[in-house]
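*Asks:* Below is the file model_38.txt, with compact mmCIF, C-alpha atoms.
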```txt
# COMPACT_ATOMS: atom_id res chain seq x y z
CA MET A 1 14.43 -18.11 -16.25
CA SER A 2 16.53 -20.93 -14.76
CA MET A 3 16.93 -18.99 -11.49
CA SER A 4 13.17 -18.53 -11.18
CA ILE A 5 12.57 -22.23 -11.80
CA LEU A 6 15.21 -23.16 -9.25
CA THR A 7 13.68 -20.84 -6.64
CA VAL A 8 10.17 -22.18 -7.10
CA ILE A 9 11.40 -25.78 -6.98
CA CYS A 10 13.06 -25.02 -3.63
CA ILE A 11 9.93 -23.36 -2.18
CA VAL A 12 7.52 -26.06 -3.40
CA SER A 13 9.86 -28.85 -2.21
CA PHE A 14 10.04 -27.22 1.21
CA LEU A 15 6.24 -26.99 1.38
CA LEU A 16 5.80 -30.60 0.28
CA LEU A 17 8.34 -31.71 2.87
CA VAL A 18 6.58 -29.82 5.65
CA THR A 19 3.07 -30.96 4.75
CA ARG A 20 3.93 -34.49 3.58
CA ARG A 21 2.48 -36.40 6.52
CA GLU A 22 -0.66 -34.31 6.76
CA LEU A 23 -1.39 -34.66 3.05
CA GLN A 24 -0.75 -38.43 3.11
CA ALA A 25 -3.25 -38.79 5.94
CA SER A 26 -5.89 -36.65 4.20
CA ASN A 27 -8.46 -37.63 1.59
CA ARG A 28 -8.20 -37.49 -2.20
CA MET A 29 -10.04 -34.19 -2.54
CA THR A 30 -7.62 -32.43 -0.18
CA ARG A 31 -4.58 -33.87 -1.95
CA SER A 32 -5.94 -32.87 -5.38
CA ILE A 33 -6.62 -29.30 -4.32
CA SER A 34 -3.30 -28.98 -2.49
CA TYR A 35 -1.17 -30.31 -5.34
CA GLY A 36 -3.26 -28.41 -7.92
CA THR A 37 -2.78 -25.14 -6.03
CA LEU A 38 0.94 -25.73 -5.64
CA PHE A 39 1.24 -26.49 -9.36
CA LEU A 40 -0.76 -23.37 -10.28
CA GLY A 41 1.43 -21.24 -8.00
CA ALA A 42 4.60 -22.70 -9.53
CA VAL A 43 3.36 -22.00 -13.09
CA MET A 44 2.45 -18.43 -12.10
CA TRP A 45 5.89 -17.94 -10.55
CA VAL A 46 7.72 -19.14 -13.66
CA TYR A 47 5.47 -16.96 -15.86
CA LEU A 48 6.08 -13.94 -13.65
CA PHE A 49 9.84 -14.18 -13.22
CA GLY A 50 10.63 -16.00 -16.44
CA LEU A 51 9.23 -13.41 -18.87
CA ASP A 52 10.69 -9.97 -19.50
CA ARG A 53 7.34 -8.19 -19.36
CA PRO A 54 4.56 -10.36 -17.90
CA VAL A 55 1.01 -9.02 -17.87
CA TYR A 56 -0.08 -8.33 -14.30
CA PHE A 57 -3.52 -9.29 -13.05
CA THR A 58 -4.50 -5.77 -11.98
CA GLU A 59 -3.51 -4.43 -15.39
CA ILE A 60 -6.09 -6.76 -16.96
CA LEU A 61 -8.74 -5.78 -14.40
CA THR A 62 -8.01 -2.06 -14.85
CA VAL A 63 -8.43 -2.30 -18.63
CA LEU A 64 -11.69 -4.24 -18.23
CA LEU A 65 -13.28 -2.13 -15.50
CA ASN A 66 -11.86 1.35 -16.00
CA ARG A 67 -14.87 2.60 -17.93
CA PHE A 68 -17.27 1.69 -15.10
CA VAL A 69 -15.54 3.84 -12.47
CA PRO A 70 -17.74 6.92 -11.96
CA PHE A 71 -14.92 9.50 -12.21
CA SER A 72 -11.97 10.04 -14.52
CA GLU A 73 -8.42 9.14 -13.61
CA LEU A 74 -7.32 12.66 -14.52
CA GLU A 75 -9.95 14.35 -12.38
CA GLY A 76 -7.95 16.33 -9.81
CA GLY A 77 -6.11 14.44 -7.12
CA TYR A 78 -2.47 13.49 -6.98
CA MET B 79 -17.84 -23.92 17.86
CA GLU B 80 -15.27 -21.17 18.27
CA ARG B 81 -15.17 -19.24 21.55
CA ILE B 82 -14.68 -15.58 20.71
CA SER B 83 -15.57 -12.91 23.25
CA PRO B 84 -17.40 -9.70 22.24
CA ARG B 85 -14.25 -7.73 23.09
CA GLN B 86 -12.15 -9.87 20.73
CA LEU B 87 -14.76 -9.48 18.00
CA ILE B 88 -14.86 -5.69 18.38
CA LEU B 89 -11.05 -5.55 18.27
CA MET B 90 -11.05 -7.72 15.14
CA GLY B 91 -13.55 -5.35 13.57
CA ILE B 92 -11.39 -2.35 14.42
CA MET B 93 -8.34 -4.07 12.94
CA TYR B 94 -10.23 -4.90 9.73
CA VAL B 95 -11.21 -1.26 9.26
CA LEU B 96 -8.08 0.40 10.51
CA ILE B 97 -4.89 -1.48 10.11
CA ASN B 98 -4.17 -1.45 6.38
CA THR B 99 -6.18 1.70 5.69
CA LEU B 100 -3.59 3.58 7.71
CA LEU B 101 -0.64 2.92 5.47
CA SER B 102 -1.20 4.56 2.06
CA VAL B 103 -4.90 5.30 1.60
CA PRO B 104 -4.64 8.77 3.27
CA THR B 105 -2.42 9.81 0.34
CA GLN B 106 -5.25 9.34 -2.14
CA VAL B 107 -7.99 10.62 0.13
CA VAL B 108 -6.21 13.85 1.06
CA SER B 109 -5.32 14.49 -2.58
CA TYR B 110 -9.03 14.66 -3.44
CA ALA B 111 -10.78 15.70 -0.23
CA SER B 112 -7.99 17.98 1.09
CA GLN B 113 -8.75 19.34 4.59
CA HIS B 114 -12.03 17.40 4.74
CA ALA B 115 -10.41 13.99 4.29
CA TRP B 116 -11.92 12.86 7.59
CA LEU B 117 -15.39 13.09 6.00
CA SER B 118 -14.30 10.66 3.28
CA PHE B 119 -13.90 8.01 5.97
CA LEU B 120 -17.17 8.80 7.72
CA ILE B 121 -19.40 8.60 4.63
CA PRO B 122 -18.50 4.97 3.67
CA CYS B 123 -18.96 3.99 7.32
CA LEU B 124 -22.52 5.37 7.28
CA VAL B 125 -23.26 3.73 3.91
CA LEU B 126 -21.88 0.36 4.99
CA ALA B 127 -23.60 0.23 8.40
CA PRO B 128 -26.99 -0.82 6.87
CA SER B 129 -25.18 -3.44 4.83
CA LEU B 130 -23.63 -4.85 8.00
CA TRP B 131 -27.09 -4.82 9.62
CA LEU B 132 -28.48 -6.83 6.68
CA LEU B 133 -25.79 -9.48 7.15
CA ALA B 134 -26.38 -9.57 10.91
CA LYS B 135 -30.12 -9.94 10.28
CA VAL B 136 -29.57 -12.83 7.84
CA SER B 137 -27.13 -14.39 10.31
CA SER B 138 -29.80 -14.23 13.05
CA ARG B 139 -32.06 -16.44 10.89
CA TYR B 140 -29.43 -19.20 11.23
CA PRO B 141 -28.18 -18.71 14.80
CA ASP B 142 -25.99 -21.84 14.89
CA GLN B 143 -24.21 -21.34 11.58
CA ASP B 144 -21.90 -18.88 9.92
CA LEU B 145 -23.18 -17.39 6.66
CA PHE B 146 -21.10 -19.68 4.44
CA SER B 147 -22.70 -22.75 5.97
CA ALA B 148 -26.16 -21.16 5.92
CA MET B 149 -25.86 -20.26 2.21
CA THR B 150 -24.63 -23.65 1.06
CA GLY B 151 -27.10 -25.48 3.32
CA ARG B 152 -30.08 -23.58 1.90
CA PHE B 153 -28.97 -23.23 -1.74
CA PRO B 154 -26.34 -25.88 -2.57
CA VAL B 155 -25.35 -24.44 -5.99
CA LEU B 156 -25.99 -20.69 -5.62
CA GLY B 157 -24.62 -20.81 -2.08
CA ARG B 158 -21.36 -22.33 -3.30
CA VAL B 159 -21.08 -19.75 -6.10
CA LEU B 160 -21.54 -16.88 -3.60
CA THR B 161 -19.08 -18.53 -1.22
CA LEU B 162 -16.54 -18.74 -4.04
CA VAL B 163 -17.04 -15.02 -4.79
CA ILE B 164 -16.35 -14.14 -1.14
CA VAL B 165 -13.34 -16.51 -1.04
CA LEU B 166 -11.85 -14.89 -4.17
CA TYR B 167 -12.45 -11.42 -2.72
CA VAL B 168 -10.80 -12.37 0.56
CA PHE B 169 -7.94 -14.06 -1.30
CA PHE B 170 -7.28 -10.84 -3.19
CA THR B 171 -7.16 -8.87 0.06
CA ILE B 172 -4.63 -11.37 1.48
CA ALA B 173 -2.36 -10.96 -1.57
CA ARG B 174 -2.76 -7.17 -1.41
CA ASP B 175 -1.99 -6.99 2.32
CA LEU B 176 1.09 -9.19 1.89
CA ARG B 177 2.36 -7.05 -0.97
CA MET B 178 1.59 -3.82 0.87
CA LEU B 179 3.48 -4.96 3.95
CA ALA B 180 6.38 -6.39 1.92
CA ASP B 181 6.73 -3.16 -0.07
CA PHE B 182 6.68 -1.10 3.09
CA THR B 183 9.30 -3.33 4.72
CA ASN B 184 11.46 -3.21 1.60
CA VAL B 185 11.28 0.58 1.28
CA VAL B 186 11.54 1.55 4.94
CA LEU B 187 13.17 -1.20 6.94
CA LEU B 188 15.08 -3.79 4.88
CA GLN B 189 16.28 -2.14 1.67
CA GLN B 190 18.95 -4.75 0.86
CA THR B 191 16.74 -7.82 1.37
CA PRO B 192 15.04 -9.21 -1.77
CA MET B 193 11.29 -8.77 -1.87
CA TRP B 194 10.64 -12.48 -2.31
CA VAL B 195 12.47 -13.24 0.94
CA ILE B 196 10.52 -10.60 2.89
CA THR B 197 7.21 -11.79 1.44
CA ALA B 198 8.09 -15.43 2.16
CA LEU B 199 8.76 -14.62 5.82
CA LEU B 200 5.51 -12.64 6.12
CA THR B 201 3.54 -15.42 4.41
CA PHE B 202 5.04 -18.05 6.67
CA THR B 203 4.13 -16.05 9.80
CA MET B 204 0.61 -15.46 8.51
CA PHE B 205 0.24 -19.17 7.73
CA LEU B 206 1.40 -20.22 11.23
CA ILE B 207 -1.12 -17.88 12.88
CA ALA B 208 -3.99 -19.02 10.64
CA ARG B 209 -3.06 -22.66 11.17
CA GLY B 210 -3.63 -22.22 14.90
CA GLY B 211 -7.26 -21.35 14.19
CA ILE B 212 -9.39 -18.27 14.59
CA GLU B 213 -9.37 -18.48 18.41
CA ILE B 214 -5.58 -18.16 18.45
CA ALA B 215 -5.72 -15.24 16.01
CA ALA B 216 -8.39 -13.55 18.16
CA ARG B 217 -6.25 -13.95 21.29
CA MET B 218 -3.27 -12.51 19.44
CA THR B 219 -5.47 -9.58 18.46
CA GLU B 220 -6.13 -8.97 22.14
CA LEU B 221 -2.39 -8.52 22.59
CA SER B 222 -1.60 -6.36 19.55
CA ALA B 223 -4.77 -4.32 18.96
CA PRO B 224 -4.98 -2.50 22.33
CA PHE B 225 -1.39 -1.30 21.92
CA THR B 226 -2.11 -0.12 18.39
CA ILE B 227 -5.23 1.74 19.54
CA LEU B 228 -3.39 3.24 22.52
CA VAL B 229 -0.60 4.50 20.28
CA MET B 230 -3.11 6.02 17.86
CA LEU B 231 -4.77 7.87 20.72
CA MET B 232 -1.44 8.99 22.19
CA VAL B 233 0.15 10.34 19.01
CA PRO B 234 -2.14 13.40 18.69
CA LEU B 235 -1.50 14.24 22.35
CA VAL B 236 2.25 14.07 21.83
CA MET B 237 2.13 16.18 18.66
CA VAL B 238 -0.46 18.76 19.67
CA LYS B 239 2.18 21.44 20.18
CA ASP B 240 3.19 21.17 16.49
CA PHE B 241 -0.33 21.43 15.04
CA ASP B 242 -0.78 24.06 12.35
CA TYR B 243 -4.51 24.79 12.24
CA THR B 244 -4.23 26.82 9.03
CA PHE B 245 -3.99 23.46 7.17
CA LEU B 246 -7.66 22.84 8.06
CA MET B 247 -8.78 26.12 6.50
CA PRO B 248 -11.15 26.98 4.88
CA PHE B 249 -13.04 24.64 7.14
CA PHE B 250 -16.60 25.45 6.04
CA GLU B 251 -16.00 25.33 2.27
CA PHE B 252 -16.81 21.73 1.43
CA ASP B 253 -15.72 20.31 -1.92
CA TRP B 254 -18.35 17.56 -2.02
CA LYS B 255 -17.09 16.11 -5.29
CA GLY B 256 -13.59 15.70 -3.87
CA ILE B 257 -14.98 14.26 -0.64
CA GLY B 258 -17.09 11.83 -2.71
CA ILE B 259 -14.07 10.65 -4.71
CA GLY B 260 -12.12 10.29 -1.45
CA SER B 261 -14.99 8.18 -0.07
CA TRP B 262 -14.77 5.96 -3.16
CA TYR B 263 -11.15 5.19 -2.29
CA THR B 264 -11.86 4.39 1.37
CA PHE B 265 -15.05 2.42 0.74
CA SER B 266 -13.47 -0.95 0.00
CA TYR B 267 -11.11 -0.69 2.99
CA ILE B 268 -13.75 0.15 5.56
CA GLY B 269 -16.09 -2.45 4.06
CA GLU B 270 -13.62 -5.27 4.77
CA ILE B 271 -15.39 -5.69 8.10
CA MET B 272 -18.27 -7.27 6.12
CA VAL B 273 -16.48 -10.63 6.19
CA LEU B 274 -16.98 -11.09 9.95
CA PRO B 275 -20.50 -12.63 9.71
CA PHE B 276 -19.06 -15.15 7.24
CA LEU B 277 -16.52 -16.16 9.84
CA PHE B 278 -18.73 -16.39 12.94
CA SER B 279 -22.23 -17.58 13.72
CA HIS B 280 -24.87 -15.25 15.13
CA GLN B 281 -24.13 -16.57 18.63
CA THR B 282 -20.75 -14.85 18.34
CA PHE B 283 -21.34 -12.05 15.85
CA ARG B 284 -23.96 -9.43 16.74
CA PHE B 285 -24.67 -6.28 14.78
CA ARG B 286 -23.77 -4.02 17.69
CA TYR B 287 -20.29 -5.60 17.99
CA GLY B 288 -19.68 -5.16 14.27
CA LEU B 289 -20.99 -1.58 14.41
CA ILE B 290 -18.80 -0.70 17.41
CA GLY B 291 -15.81 -2.18 15.57
CA MET B 292 -16.58 -0.25 12.40
CA LEU B 293 -17.27 3.05 14.18
CA GLY B 294 -14.24 2.63 16.43
CA GLY B 295 -11.92 1.88 13.51
CA THR B 296 -13.36 4.76 11.48
CA PHE B 297 -13.02 7.18 14.39
CA LEU B 298 -9.37 6.24 14.87
CA ILE B 299 -8.53 6.58 11.18
CA MET B 300 -10.34 9.95 11.04
CA LEU B 301 -8.39 11.11 14.08
CA PHE B 302 -5.10 10.01 12.58
CA VAL B 303 -5.73 11.49 9.13
CA THR B 304 -6.70 14.83 10.70
CA ASN B 305 -3.51 14.60 12.73
CA GLU B 306 -1.53 14.02 9.52
CA ILE B 307 -3.18 17.06 7.90
CA LEU B 308 -2.43 19.25 10.92
CA ILE B 309 1.24 18.25 10.94
CA LEU B 310 2.19 17.53 7.31
CA GLY B 311 -0.38 19.64 5.47
CA VAL B 312 -2.64 18.92 2.53
CA HIS B 313 0.04 19.73 -0.06
CA ILE B 314 2.70 17.32 1.21
CA ILE B 315 0.56 14.25 2.03
CA PRO B 316 -0.45 13.54 -1.63
CA ARG B 317 3.27 13.34 -2.49
CA LEU B 318 4.07 10.71 0.13
CA LEU B 319 3.63 6.98 -0.30
CA TYR B 320 3.51 6.30 3.45
CA PRO B 321 2.18 9.49 5.08
CA THR B 322 1.42 7.80 8.39
CA TYR B 323 5.00 6.61 8.69
CA GLU B 324 6.24 10.11 7.90
CA LEU B 325 3.99 11.47 10.63
CA ILE B 326 5.38 8.96 13.12
CA ARG B 327 8.90 10.00 12.14
CA GLU B 328 8.06 13.56 13.14
CA ILE B 329 7.59 12.49 16.76
CA GLN B 330 10.51 13.51 18.92
CA ILE B 331 10.38 13.00 22.65
CA THR B 332 13.69 14.18 24.05
CA ASP B 333 16.97 13.57 22.19
CA PHE B 334 17.39 9.88 22.94
CA LEU B 335 13.87 8.96 21.75
CA ASP B 336 14.12 10.51 18.29
CA ARG B 337 13.63 7.14 16.50
CA LEU B 338 10.26 6.39 18.02
CA ASP B 339 9.09 5.18 14.60
CA LEU B 340 10.70 1.76 15.02
CA PRO B 341 8.86 0.75 18.23
CA LEU B 342 5.61 2.09 16.78
CA VAL B 343 6.07 0.16 13.54
CA SER B 344 6.83 -2.95 15.59
CA ILE B 345 3.40 -2.57 17.23
CA TRP B 346 1.54 -1.99 13.96
CA PHE B 347 3.40 -4.66 11.99
CA PRO B 348 2.15 -7.80 13.82
CA ALA B 349 -1.39 -6.38 13.83
CA LEU B 350 -1.42 -6.35 10.03
CA ILE B 351 -0.02 -9.90 9.80
CA ILE B 352 -2.69 -11.10 12.24
CA LYS B 353 -5.37 -9.38 10.15
CA ALA B 354 -4.07 -11.17 7.05
CA ALA B 355 -4.17 -14.42 9.04
CA TYR B 356 -7.92 -13.99 9.75
CA SER B 357 -8.44 -13.56 6.02
CA LEU B 358 -6.39 -16.66 5.21
CA TYR B 359 -8.39 -18.65 7.74
CA LEU B 360 -11.62 -17.33 6.23
CA ALA B 361 -10.58 -18.19 2.65
CA CYS B 362 -9.66 -21.75 3.67
CA HIS B 363 -12.85 -22.09 5.74
CA GLY B 364 -14.85 -20.97 2.69
CA LEU B 365 -13.16 -23.61 0.56
CA GLY B 366 -13.99 -26.15 3.27
CA VAL B 367 -17.66 -25.21 2.95
CA ILE B 368 -17.58 -25.45 -0.87
CA PHE B 369 -15.88 -28.87 -0.70
CA PRO B 370 -17.22 -30.48 2.51
CA SER B 371 -14.68 -33.31 2.51
CA LEU B 372 -11.74 -30.90 2.29
CA SER B 373 -9.33 -30.75 5.22
CA VAL B 374 -8.94 -27.00 5.82
CA ARG B 375 -5.77 -27.43 7.85
CA ALA B 376 -4.04 -29.55 5.21
CA VAL B 377 -4.85 -27.21 2.35
CA MET B 378 -3.65 -24.07 4.16
CA PRO B 379 0.05 -24.27 3.13
CA SER B 380 -0.77 -24.47 -0.57
CA ILE B 381 -3.29 -21.60 -0.36
CA SER B 382 -0.63 -19.55 1.47
CA PHE B 383 1.83 -20.33 -1.31
CA LEU B 384 -0.69 -19.24 -3.94
CA ALA B 385 -1.28 -16.00 -2.01
CA TYR B 386 2.48 -15.51 -1.88
CA VAL B 387 2.88 -15.86 -5.65
CA SER B 388 -0.28 -13.83 -6.30
CA SER B 389 1.07 -10.95 -4.22
CA PHE B 390 3.73 -10.58 -6.95
CA TRP B 391 1.51 -11.35 -9.92
CA PHE B 392 -1.36 -9.07 -8.93
CA PHE B 393 0.65 -5.83 -8.68
CA HIS B 394 3.52 -4.56 -10.77
CA SER B 395 4.69 -2.08 -8.11
CA SER B 396 3.60 -0.45 -4.89
CA VAL B 397 2.43 2.60 -6.85
CA GLU B 398 0.21 0.39 -8.99
CA LEU B 399 -1.11 -1.25 -5.82
CA LEU B 400 -2.22 2.18 -4.65
CA ALA B 401 -3.61 3.21 -8.05
CA PHE B 402 -5.66 0.01 -8.26
CA ASN B 403 -7.80 1.20 -5.32
CA ARG B 404 -9.74 3.22 -7.90
CA VAL B 405 -10.98 0.09 -9.69
CA TRP B 406 -10.97 -2.17 -6.65
CA THR B 407 -13.92 -0.37 -5.02
CA LEU B 408 -16.03 -1.34 -8.02
CA ILE B 409 -15.26 -5.04 -7.40
CA ALA B 410 -15.63 -4.69 -3.63
CA LEU B 411 -19.21 -3.41 -4.09
CA ILE B 412 -20.23 -7.01 -4.92
CA PRO B 413 -19.35 -8.61 -1.55
CA GLN B 414 -19.94 -5.45 0.47
CA ILE B 415 -23.30 -4.26 -0.89
CA LEU B 416 -24.81 -6.63 -3.47
CA ILE B 417 -24.30 -9.94 -1.68
CA PRO B 418 -25.69 -8.66 1.67
CA LEU B 419 -28.76 -7.33 -0.18
CA LEU B 420 -29.21 -10.56 -2.10
CA LEU B 421 -28.81 -12.69 1.03
CA PHE B 422 -31.28 -10.54 2.95
CA VAL B 423 -33.89 -11.10 0.25
CA ILE B 424 -33.41 -14.79 -0.53
CA LEU B 425 -31.75 -16.47 2.43
CA ARG B 426 -34.48 -17.61 4.81
CA PRO B 427 -34.86 -20.98 6.54
CA LYS B 428 -37.37 -23.35 5.00
CA ALA B 429 -40.77 -23.26 6.70
CA GLY B 430 -40.70 -25.33 9.90
CA ASN B 431 -36.90 -25.60 9.78
CA SER B 432 -35.11 -22.83 11.68
CA SER B 433 -31.63 -24.17 11.09
CA VAL B 434 -30.12 -26.26 8.31
CA GLU B 435 -27.60 -29.01 8.94
CA GLN B 436 -24.08 -27.59 8.96
CA PRO B 437 -21.73 -29.01 6.29
CA ARG B 438 -18.40 -30.36 7.51
CA GLY B 439 -15.50 -27.98 7.02
```
Show me the file's structure as structure tokens.
*Replies:*
Amino acid sequence: MSMSILTVICIVSFLLLVTRRELQASNRMTRSISYGTLFLGAVMWVYLFGLDRPVYFTEILTVLLNRFVPFSELEGGY
Amino acid sequence: MERISPRQLILMGIMYVLINTLLSVPTQVVSYASQHAWLSFLIPCLVLAPSLWLLAKVSSRYPDQDLFSAMTGRFPVLGRVLTLVIVLYVFFTIARDLRMLADFTNVVLLQQTPMWVITALLTFTMFLIARGGIEIAARMTELSAPFTILVMLMVPLVMVKDFDYTFLMPFFEFDWKGIGIGSWYTFSYIGEIMVLPFLFSHQTFRFRYGLIGMLGGTFLIMLFVTNEILILGVHIIPRLLYPTYELIREIQITDFLDRLDLPLVSIWFPALIIKAAYSLYLACHGLGVIFPSLSVRAVMPSISFLAYVSSFWFFHSSVELLAFNRVWTLIALIPQILIPLLLFVILRPKAGNSSVEQPRG
């Protein structure tokens, strides 16, 4: 958990350092979306690497949409 | 206005169809369609061609704008919702391409390097290309795509002496159900070319360029998959995660050129990063159309970071990434079939107004 938080802090800090000037010069909308996206990414990272068994996005989609696929998973193939 | 030549546009189309379809999709297609796997690539191409025509037709109604701008200009709310759907779809393909490439690199080239380091390097490269703009990405395509195409045309010539034609037998006994399921798996990959009219205005994107790109990419993938069948056979391919790489490893030209796979991978590798860069540019451009005051260039690093994290969160493993193709086609039908149909029906300029003012992006 602590390692994942440390890693994401390093990556986000690097990104903020690189884009600092451009973000300061931009408007409020751009800053909000940029910081919001970075925050969302950081939360996702901690969730993903902090938990023993996180639920993956495609697992959710597969459960939701599996019944609409026009052929069975067990139908021939590999 | 971007300056993209027809040749660049056709090459971009070929890359959209070809470059990530090559890696693992043949595994699934051959497992269902066996010796007729090539047909499973042709059928989606024929189904998607009218859809591409619909988008080109809609684009011609707004000659000075790309489809994002045309949609939001004509229908401010619905247009933004449809733009968001396309942006989310494209964002998913970016995360998938990054993960696909990172997995491949981790399995084949850099086994000791942590995945997050490989993905970070790929994401950074993709970001730098996209930051330069679509013109830069198109020029880079002109460097990488011809080599990729040349290699794909050369490989069958080099390997023809090893072809085992019994793998194509029985040639006239078509298992249409298997071919249909194989087509389901390839559909979403070939249909990725549908994003081009959202990226370029009608002055740049014409139906014939898109069609040439789609047919060219489909022909090359059909050629390569048939080559894989003739060399590896229909029983081995479904057990390989990277059948195309295994095929390349079979190439031996004299004793000192027995590792020809590395130069060939080094040609294919940048092409896939450049393709991911178009998608990143498109996703950010779409956001710029949804929020007109947004600076696309400034928001690109954070979107890249989100794609980087999503590439881990979306897929548990490379096997799951491949298995998800089954469900993914269902989602891809929305931007590849439904949205073109909807736009064709509803998106027309107001009477007496051939072009709507383009939002800032």
*Asks:* Rounded to one decimal in Å, what is the spacing between CA of Val312 (chain B) and CA of Ser266 (chain B)?
*Replies:* 22.8 Å
*Asks:* Sorted by chain and rising residue number, list the residues of chain A at most 6 Å from chain B (counting all atoms listed in the file), each with its closest atom pair and distance in Å to one decimal, as a tab-separated table.
*Replies:*
```
residue	atom	partner	partner_atom	distance
A:Thr30	CA	B:Leu372	CA	5.0
A:Ser34	CA	B:Val377	CA	5.4
A:Thr37	CA	B:Ser380	CA	5.9
A:Leu38	CA	B:Ser380	CA	5.5
A:Gly41	CA	B:Leu384	CA	5.0
A:Tyr56	CA	B:Trp391	CA	5.6
A:Phe57	CA	B:Phe392	CA	4.7
A:Thr58	CA	B:Phe392	CA	5.5
A:Gly77	CA	B:Ser109	CA	4.6
A:Tyr78	CA	B:Ser109	CA	5.3
```
*Asks:* May I have the residues within 10 Å of region 171-175 of chain B as number ranges by chain, using all atoms listed in the file and disregarding those fewer than 2 positions away in the same chain?
*Replies:* B: 97-98, 165-169, 177-181, 201, 204, 267, 270, 350-351, 353-358, 361, 382, 384-393, 396, 399-400
*Asks:* Where's the centre, and what are the edge lengths in Å to one decimal, of a box along x, y and z enclosing all listed atoms of region 414-422 of chain B padded 6 Å per side, as AutoDock Vina command-line options?
*Replies:*
```
--center_x -25.6 --center_y -8.5 --center_z -0.3 --size_x 23.3 --size_y 20.4 --size_z 18.4
```
*Asks:* At a cut-off of 7 Å, using all atoms listed in the file, what residues contact region 44-53 of chain A? Leave out same-chain residues fewer than 4 positions from it and give the result as a ChimeraX atom specification.
*Replies:* /A:1,4-5,8,40 /B:387,391
*Asks:* Missing atoms in region 62-73 of chain A need filling: write out N, CA, C and O atoms for it as a compact mmCIF listing (two decimals), in the frame of the given file.
*Replies:*
```txt
# COMPACT_ATOMS: atom_id res chain seq x y z
N THR A 62 -7.88 -3.52 -14.63
CA THR A 62 -8.01 -2.06 -14.85
C THR A 62 -8.53 -1.78 -16.26
O THR A 62 -9.42 -0.95 -16.45
N VAL A 63 -7.98 -2.50 -17.25
CA VAL A 63 -8.43 -2.30 -18.63
C VAL A 63 -9.91 -2.67 -18.77
O VAL A 63 -10.69 -1.96 -19.41
N LEU A 64 -10.30 -3.76 -18.12
CA LEU A 64 -11.69 -4.24 -18.23
C LEU A 64 -12.69 -3.32 -17.53
O LEU A 64 -13.79 -3.08 -18.02
N LEU A 65 -12.29 -2.81 -16.36
CA LEU A 65 -13.28 -2.13 -15.50
C LEU A 65 -13.15 -0.61 -15.46
O LEU A 65 -13.99 0.06 -14.86
N ASN A 66 -12.13 -0.09 -16.09
CA ASN A 66 -11.86 1.35 -16.00
C ASN A 66 -13.07 2.20 -16.38
O ASN A 66 -13.37 3.21 -15.74
N ARG A 67 -13.76 1.78 -17.41
CA ARG A 67 -14.87 2.60 -17.93
C ARG A 67 -16.07 2.66 -16.97
O ARG A 67 -16.91 3.52 -17.10
N PHE A 68 -16.13 1.71 -16.03
CA PHE A 68 -17.27 1.69 -15.10
C PHE A 68 -17.03 2.53 -13.84
O PHE A 68 -17.95 2.70 -13.03
N VAL A 69 -15.82 3.00 -13.65
CA VAL A 69 -15.54 3.84 -12.47
C VAL A 69 -16.17 5.21 -12.70
O VAL A 69 -16.00 5.79 -13.77
N PRO A 70 -16.92 5.72 -11.70
CA PRO A 70 -17.74 6.92 -11.96
C PRO A 70 -16.97 8.24 -12.05
O PRO A 70 -17.59 9.28 -12.10
N PHE A 71 -15.66 8.24 -12.04
CA PHE A 71 -14.92 9.50 -12.21
C PHE A 71 -13.65 9.20 -12.99
O PHE A 71 -13.14 8.07 -12.98
N SER A 72 -13.14 10.23 -13.65
CA SER A 72 -11.97 10.04 -14.52
C SER A 72 -10.68 9.97 -13.70
O SER A 72 -10.58 10.56 -12.62
N GLU A 73 -9.71 9.28 -14.26
CA GLU A 73 -8.42 9.14 -13.61
C GLU A 73 -7.71 10.50 -13.50
O GLU A 73 -6.90 10.72 -12.62
```
